[in-house]
Amino acid sequence: MMLCRRFHLLKHPTTTAIRHISDEEHFHNLSRKQQNPRAATPKPPLSNLGPCLDLIKKHDYEHYLCILISPAMSRRSLSALRAFNVEVSKAAITPYSTPQEREINKLKLMWWRQVVEGREVAGSPIASELRTAITQRNLSKGFLLRLIDARLTPVRYTSLHDVERAADDTFSAVNYLTMEVLGNKSVETDHAASHLGRCEGLVALIRSLPLLAARGVCLVPSTTLAKCGVSQEEIIRRQGEEKIQDVVHDIASSAHVHADHCEKLMSTLPLSAKHGLLPIIPAKLFLKRLEKYDFNIFHDRVLVRPPTLFFRVAFESKKLNIAANIENLKKLKTINERRKKKG
């Protein structure tokens with residue numbers, strides 16, 4: 001008898017501030033001139049934006065949609081940031097990478113490190129856009145370097161805490177940088193961004209199960225496997241369907257907790273920060289779809305992108321804008337009433 005699983009509220013410790021992805025065509029075109037980090041960086045041509053958006057649309061469609069409806073003044077820098085994130089993620093050293101791939105990817109990541117640290121790179125549109133974003137938005141290089149360093153070592157998880165810690169160095173770091181682009185640097189925004197990053201990291205782990213299983217790899221934490229009474233081999237061979245669904249349910253429940261925390265914190269943040277947290281919408285839609293199919297990640301429909309995804313994200317963005325306008329009108333009304341009383 002098939003058990004119907006539902007999300008349940010877990011007691012989860014409140015997290016502190018927490019955070020995959022190549023520009024191969026220009027990889028060997030290294031410039032030997034060292035750029036002065038204090039010198040003003042000339043604005044790259046608008047044609048550089050196209051390759052960034054094309055790359056994000058192909059490899060990170062959900063964040064591509066969020067960029068399209070983000071504030072116009074921040075859109076170009078967000079595109080550069082997300083394109084860089086795609087590049088270093090594609091160059092990540094994984095458990096299934098061959099020795100040759102590991103050496104090549106390591107060189108690529110070292111090249112990106114030089115770009116972040118200030119080396120001038122001619123002919124690479126994504127690197128050029130990234131350098132401009134770093135200069136114009138005063139982005140924290142520490143988060144950018146953390147993104148690179150996290151890809152240098154193949155990941156292995158013992159517990160879900162390890163998964164969340166890895167998400168700190170990847171998804172959350174990008175979210176922190178997104179907040180910097182949007183002009184929001186505070187403990188509150190970082191806290192919300194960390195919950196979003198941890199949720200995205202757990203969702204990414206769930207989504208990767210079928211692909212990794214096809215390659216003979218399982219990254220599910222060993223403690224979760226033991227808790228549900230399933231082995232890595234059973235997941236790879238897709239044996240014991242109900243036990244695998246229990247594993248997915250356990251991971252998804254933790255992701256759901258972080259998503260709820262993020263949404264609660266959103267209500268206290270300014271409008272620009274809320275735009276940076278819009279990726280929580282696709283993540284929650286995926287979790288809802290996963291629940292609909294009883295947490296069977298191998299079901300044909302679970303990983304299919306919903307056709308209404310753009311409209312859902314755009315609708316939520318519109319709601320945020322309307323709420324902000326109403327709040328501004330209330331403030332103006334209060335100010336006018338005070339002036340009348342003084343008059």
# chains A, B, ... in the order shown; residues from 1 in each chain; ligands from 1

call {"tool": "residues_around", "arguments": {"residues": "Ala193 in chain A", "least_positions_apart": "6", "cutoff": "7 Å", "atoms": "only C-alpha atoms", "output": "list of chain:residue names"}}
result
A:Ser172, A:Asn175, A:Tyr176, A:Leu277

call {"tool": "write_last_selection", "arguments": {"atoms": "all heavy atoms", "output": "CSV table (one decimal), in the first residue's frame"}}
result
chain,number,residue,atom,x,y,z
A,172,SER,N,24.1,30.3,-1.5
A,172,SER,CA,24.0,31.5,-0.6
A,172,SER,C,25.0,32.6,-1.0
A,172,SER,O,24.6,33.8,-0.9
A,172,SER,CB,24.2,31.0,0.8
A,172,SER,OG,23.2,30.2,1.3
A,175,ASN,N,23.5,34.5,-3.6
A,175,ASN,CA,22.4,35.4,-3.1
A,175,ASN,C,22.9,36.6,-2.4
A,175,ASN,O,22.3,37.7,-2.4
A,175,ASN,CB,21.5,34.5,-2.2
A,175,ASN,CG,20.8,33.4,-3.0
A,175,ASN,OD1,20.6,33.5,-4.2
A,175,ASN,ND2,20.5,32.3,-2.3
A,176,TYR,N,24.0,36.4,-1.6
A,176,TYR,CA,24.6,37.6,-0.9
A,176,TYR,C,25.0,38.6,-2.0
A,176,TYR,O,24.8,39.8,-1.8
A,176,TYR,CB,25.8,37.2,-0.1
A,176,TYR,CG,25.5,36.2,1.0
A,176,TYR,CD1,26.5,35.3,1.4
A,176,TYR,CD2,24.3,36.2,1.7
A,176,TYR,CE1,26.3,34.4,2.5
A,176,TYR,CE2,24.1,35.3,2.7
A,176,TYR,CZ,25.0,34.4,3.1
A,176,TYR,OH,24.8,33.6,4.1
A,277,LEU,N,15.0,37.8,-3.7
A,277,LEU,CA,14.6,36.5,-3.2
A,277,LEU,C,13.5,35.8,-4.0
A,277,LEU,O,12.9,34.8,-3.6
A,277,LEU,CB,14.1,36.7,-1.7
A,277,LEU,CG,15.1,37.3,-0.7
A,277,LEU,CD1,14.4,37.7,0.6
A,277,LEU,CD2,16.2,36.3,-0.5

call {"tool": "residues_around", "arguments": {"residues": "range 235-251 of chain A", "least_positions_apart": "4", "cutoff": "8 Å", "atoms": "only C-alpha atoms", "output": "VMD selection string"}}
result
chain A and resid 2 5 7 160 202 206 212 to 214 216 to 218 224 to 225 228 to 231 255 294 to 297

call {"tool": "closest_atom_pairs", "arguments": {"of": "range 92-184 of chain A", "to": "range 273-276 of chain A", "cutoff": "8 Å", "atoms": "only C-alpha atoms", "output": "JSON lines"}}
result
{"residue": "A:Asn175", "atom": "CA", "partner": "A:Gly276", "partner_atom": "CA", "distance": 7.3}
{"residue": "A:Thr178", "atom": "CA", "partner": "A:Gly276", "partner_atom": "CA", "distance": 6.2}
{"residue": "A:Met179", "atom": "CA", "partner": "A:Gly276", "partner_atom": "CA", "distance": 6.2}
{"residue": "A:Leu182", "atom": "CA", "partner": "A:Ala273", "partner_atom": "CA", "distance": 6.8}
{"residue": "A:Asn184", "atom": "CA", "partner": "A:Ala273", "partner_atom": "CA", "distance": 6.2}

call {"tool": "residues_around", "arguments": {"residues": "Ile126 in chain A", "least_positions_apart": "4", "cutoff": "10 Å", "atoms": "only C-alpha atoms", "output": "list in words"}}
result
Ser22, Asp23, His26, Asn48, Leu49, Gly50, Pro51, Cys52, Leu53, Leu55, Ser79, Ala80, Leu81, Arg82, Ala83, Phe84, Glu87, Val121, Leu130, Arg131 and Thr132 of chain A

call {"tool": "select_by_dssp", "arguments": {"residues": "range 99-285 of chain A", "states": "helix (DSSP H, G or I)", "output": "ChimeraX atom specification"}}
result
/A:99-117,125-137,141-149,160-181,187-214,222-228,232-237,241-266,271-276,280-285

call {"tool": "atom_distance", "arguments": {"atom1": "CA of Arg198 in chain A", "atom2": "CA of Glu103 in chain A"}}
result
29.1 Å

call {"tool": "closest_residue", "arguments": {"among": "A:Val86, A:Leu309, A:Ile104, A:Cys66", "to": "Lys284 in chain A", "atoms": "only C-alpha atoms"}}
result
A:Leu309

call {"tool": "atom_distance", "arguments": {"atom1": "CA of Arg215 in chain A", "atom2": "CA of Val203 in chain A"}}
result
19.3 Å

call {"tool": "closest_residue", "arguments": {"among": "A:Arg137, A:Arg156, A:Arg289, A:His195", "to": "Glu180 in chain A", "atoms": "only C-alpha atoms"}}
result
A:Arg137

call {"tool": "residues_around", "arguments": {"residues": "range 298-307 of chain A", "least_positions_apart": "4", "cutoff": "9 Å", "atoms": "only C-alpha atoms", "output": "list in words"}}
result
Arg207, Leu209, Pro210, Arg238, Leu285, Phe286, Arg289, Leu290, Lys292, Tyr293 and Phe311 of chain A

call {"tool": "write_last_selection", "arguments": {"atoms": "all heavy atoms", "output": "short mmCIF file (atom, residue, chain, number, x, y, z; two decimals), in the first residue's frame"}}
result
data_model
loop_
_atom_site.label_atom_id
_atom_site.label_comp_id
_atom_site.auth_asym_id
_atom_site.auth_seq_id
_atom_site.Cartn_x
_atom_site.Cartn_y
_atom_site.Cartn_z
N ARG A 207 17.02 17.21 -7.38
CA ARG A 207 16.93 17.21 -8.83
C ARG A 207 18.05 16.42 -9.49
O ARG A 207 17.89 15.89 -10.60
CB ARG A 207 16.96 18.65 -9.34
CG ARG A 207 15.64 19.39 -9.19
CD ARG A 207 15.80 20.83 -9.58
NE ARG A 207 14.51 21.46 -9.83
CZ ARG A 207 14.32 22.77 -9.94
NH1 ARG A 207 15.35 23.60 -9.82
NH2 ARG A 207 13.12 23.27 -10.18
N LEU A 209 19.39 13.63 -8.50
CA LEU A 209 19.37 12.19 -8.25
C LEU A 209 19.25 11.34 -9.51
O LEU A 209 20.03 10.40 -9.70
CB LEU A 209 18.25 11.85 -7.26
CG LEU A 209 18.48 12.29 -5.80
CD1 LEU A 209 17.28 11.90 -4.94
CD2 LEU A 209 19.74 11.64 -5.24
N PRO A 210 18.30 11.62 -10.42
CA PRO A 210 18.19 10.78 -11.62
C PRO A 210 19.43 10.87 -12.53
O PRO A 210 19.90 9.85 -13.04
CB PRO A 210 16.95 11.34 -12.34
CG PRO A 210 16.16 12.01 -11.26
CD PRO A 210 17.19 12.58 -10.33
N ARG A 238 17.63 2.10 -8.69
CA ARG A 238 16.23 2.44 -8.54
C ARG A 238 15.44 1.26 -7.98
O ARG A 238 14.35 0.93 -8.45
CB ARG A 238 15.64 2.92 -9.87
CG ARG A 238 16.28 4.18 -10.38
CD ARG A 238 15.86 4.55 -11.78
NE ARG A 238 14.43 4.76 -11.88
CZ ARG A 238 13.81 5.18 -12.98
NH1 ARG A 238 14.54 5.45 -14.06
NH2 ARG A 238 12.51 5.34 -13.00
N LEU A 285 7.55 25.88 -6.02
CA LEU A 285 6.73 25.20 -7.03
C LEU A 285 7.23 23.79 -7.29
O LEU A 285 6.44 22.85 -7.46
CB LEU A 285 6.73 26.01 -8.33
CG LEU A 285 5.92 27.31 -8.33
CD1 LEU A 285 6.11 28.06 -9.64
CD2 LEU A 285 4.44 27.02 -8.09
N PHE A 286 8.56 23.63 -7.30
CA PHE A 286 9.12 22.30 -7.50
C PHE A 286 8.78 21.39 -6.32
O PHE A 286 8.40 20.23 -6.51
CB PHE A 286 10.64 22.37 -7.67
CG PHE A 286 11.31 21.03 -7.65
CD1 PHE A 286 11.25 20.19 -8.75
CD2 PHE A 286 11.97 20.58 -6.51
CE1 PHE A 286 11.84 18.93 -8.73
CE2 PHE A 286 12.58 19.34 -6.47
CZ PHE A 286 12.51 18.51 -7.59
N ARG A 289 5.25 20.30 -6.60
CA ARG A 289 5.08 19.29 -7.65
C ARG A 289 5.63 17.94 -7.18
O ARG A 289 5.06 16.88 -7.49
CB ARG A 289 5.80 19.75 -8.92
CG ARG A 289 5.50 18.92 -10.14
CD ARG A 289 5.87 19.65 -11.43
NE ARG A 289 7.30 19.91 -11.53
CZ ARG A 289 7.86 21.11 -11.34
NH1 ARG A 289 7.11 22.14 -11.02
NH2 ARG A 289 9.16 21.27 -11.47
N LEU A 290 6.71 17.98 -6.46
CA LEU A 290 7.31 16.75 -5.92
C LEU A 290 6.34 16.07 -4.95
O LEU A 290 6.18 14.85 -4.95
CB LEU A 290 8.62 17.10 -5.22
CG LEU A 290 9.52 15.95 -4.77
CD1 LEU A 290 10.02 15.16 -5.96
CD2 LEU A 290 10.71 16.51 -3.98
N LYS A 292 3.12 16.38 -5.02
CA LYS A 292 1.99 15.89 -5.82
C LYS A 292 2.24 14.47 -6.32
O LYS A 292 1.31 13.64 -6.37
CB LYS A 292 1.76 16.83 -7.00
CG LYS A 292 0.67 16.39 -7.94
CD LYS A 292 0.53 17.35 -9.11
CE LYS A 292 -0.52 16.87 -10.10
NZ LYS A 292 -0.64 17.81 -11.27
N TYR A 293 3.48 14.18 -6.68
CA TYR A 293 3.83 12.85 -7.20
C TYR A 293 4.44 11.97 -6.10
O TYR A 293 5.22 11.07 -6.38
CB TYR A 293 4.78 12.98 -8.39
CG TYR A 293 4.11 13.58 -9.60
CD1 TYR A 293 4.30 14.92 -9.93
CD2 TYR A 293 3.26 12.82 -10.40
CE1 TYR A 293 3.67 15.49 -11.03
CE2 TYR A 293 2.63 13.37 -11.50
CZ TYR A 293 2.83 14.71 -11.81
OH TYR A 293 2.20 15.27 -12.91
N PHE A 311 4.83 33.22 -15.68
CA PHE A 311 3.69 34.02 -15.22
C PHE A 311 3.57 34.00 -13.69
O PHE A 311 3.19 35.00 -13.08
CB PHE A 311 2.40 33.49 -15.87
CG PHE A 311 2.40 33.57 -17.36
CD1 PHE A 311 2.64 32.45 -18.13
CD2 PHE A 311 2.19 34.78 -18.01
CE1 PHE A 311 2.66 32.52 -19.51
CE2 PHE A 311 2.22 34.87 -19.39
CZ PHE A 311 2.45 33.73 -20.15
#

call {"tool": "residues_around", "arguments": {"residues": "Ala166 in chain A", "least_positions_apart": "4", "cutoff": "12 Å", "atoms": "only C-alpha atoms", "output": "VMD selection string"}}
result
chain A and resid 18 to 20 146 to 147 149 to 151 153 to 162 170 to 173 194 197 to 202 204 to 205

call {"tool": "closest_atom_pairs", "arguments": {"of": "range 85-174 of chain A", "to": "range 68-75 of chain A", "cutoff": "12 Å", "atoms": "only C-alpha atoms", "output": "tab-separated table"}}
result
residue	atom	partner	partner_atom	distance
A:Glu129	CA	A:Arg75	CA	11.7
A:Ala133	CA	A:Ser74	CA	9.6
A:Gln136	CA	A:Ser74	CA	10.6
A:Arg137	CA	A:Ser74	CA	9.3

call {"tool": "write_last_selection", "arguments": {"atoms": "N, CA and C atoms", "output": "PDB file, in the first residue's frame"}}
result
ATOM      1  N   GLU A 129      32.089  41.622 -18.406  1.00  0.00           N
ATOM      2  CA  GLU A 129      30.894  42.043 -17.677  1.00  0.00           C
ATOM      3  C   GLU A 129      31.074  41.872 -16.176  1.00  0.00           C
ATOM      4  N   ALA A 133      30.878  44.690 -13.224  1.00  0.00           N
ATOM      5  CA  ALA A 133      29.943  44.565 -12.100  1.00  0.00           C
ATOM      6  C   ALA A 133      30.680  44.667 -10.771  1.00  0.00           C
ATOM      7  N   GLN A 136      31.581  48.521 -10.436  1.00  0.00           N
ATOM      8  CA  GLN A 136      30.443  49.431 -10.302  1.00  0.00           C
ATOM      9  C   GLN A 136      29.623  49.159  -9.046  1.00  0.00           C
ATOM     10  N   ARG A 137      29.473  47.885  -8.680  1.00  0.00           N
ATOM     11  CA  ARG A 137      28.623  47.519  -7.544  1.00  0.00           C
ATOM     12  C   ARG A 137      29.412  47.251  -6.278  1.00  0.00           C
TER      13      ARG A 137
END

call {"tool": "decode", "arguments": {"residues": "range 227-290 of chain A", "atoms": "C-alpha atoms", "output": "short mmCIF file (atom, residue, chain, number, x, y, z; two decimals), in the first residue's frame"}}
result
data_model
loop_
_atom_site.label_atom_id
_atom_site.label_comp_id
_atom_site.auth_asym_id
_atom_site.auth_seq_id
_atom_site.Cartn_x
_atom_site.Cartn_y
_atom_site.Cartn_z
CA LYS A 227 17.68 6.59 8.51
CA CYS A 228 15.53 5.42 5.58
CA GLY A 229 17.13 1.96 5.36
CA VAL A 230 18.36 2.29 1.78
CA SER A 231 21.81 1.94 0.19
CA GLN A 232 23.52 3.97 -2.51
CA GLU A 233 23.37 0.96 -4.82
CA GLU A 234 19.59 0.74 -4.43
CA ILE A 235 19.18 4.38 -5.42
CA ILE A 236 21.49 3.98 -8.42
CA ARG A 237 19.58 0.86 -9.52
CA ARG A 238 16.23 2.44 -8.54
CA GLN A 239 15.34 -0.47 -6.27
CA GLY A 240 12.97 -0.11 -3.32
CA GLU A 241 10.75 2.70 -4.60
CA GLU A 242 9.09 3.53 -1.28
CA LYS A 243 12.40 3.78 0.56
CA ILE A 244 13.79 6.12 -2.11
CA GLN A 245 10.66 8.26 -1.75
CA ASP A 246 11.30 8.38 2.00
CA VAL A 247 14.83 9.67 1.29
CA VAL A 248 13.52 12.36 -1.05
CA HIS A 249 10.81 13.30 1.45
CA ASP A 250 13.41 13.75 4.19
CA ILE A 251 15.54 16.08 2.07
CA ALA A 252 12.52 17.96 0.71
CA SER A 253 11.16 18.53 4.22
CA SER A 254 14.38 20.32 5.21
CA ALA A 255 14.20 22.40 2.02
CA HIS A 256 10.59 23.30 2.82
CA VAL A 257 11.57 24.53 6.29
CA HIS A 258 14.18 26.89 4.80
CA ALA A 259 11.69 28.09 2.18
CA ASP A 260 9.16 28.95 4.90
CA HIS A 261 11.81 30.84 6.90
CA CYS A 262 12.79 32.78 3.79
CA GLU A 263 9.20 33.77 3.03
CA LYS A 264 8.61 34.92 6.60
CA LEU A 265 11.74 37.10 6.52
CA MET A 266 10.75 38.56 3.12
CA SER A 267 7.80 40.36 4.66
CA THR A 268 10.15 42.53 6.74
CA LEU A 269 12.54 43.49 3.94
CA PRO A 270 12.52 46.41 1.47
CA LEU A 271 11.16 45.89 -2.04
CA SER A 272 14.57 45.70 -3.74
CA ALA A 273 15.64 42.90 -1.39
CA LYS A 274 12.43 41.00 -2.08
CA HIS A 275 13.28 41.00 -5.80
CA GLY A 276 16.53 39.25 -4.91
CA LEU A 277 14.58 36.50 -3.16
CA LEU A 278 12.19 35.74 -6.03
CA PRO A 279 13.97 32.41 -6.82
CA ILE A 280 12.12 31.04 -3.79
CA ILE A 281 9.02 30.84 -6.02
CA PRO A 282 10.40 28.26 -8.52
CA ALA A 283 11.88 26.31 -5.60
CA LYS A 284 8.53 26.10 -3.79
CA LEU A 285 6.73 25.20 -7.03
CA PHE A 286 9.12 22.30 -7.50
CA LEU A 287 8.59 21.10 -3.92
CA LYS A 288 4.83 21.30 -4.42
CA ARG A 289 5.08 19.29 -7.65
CA LEU A 290 7.31 16.75 -5.92
#
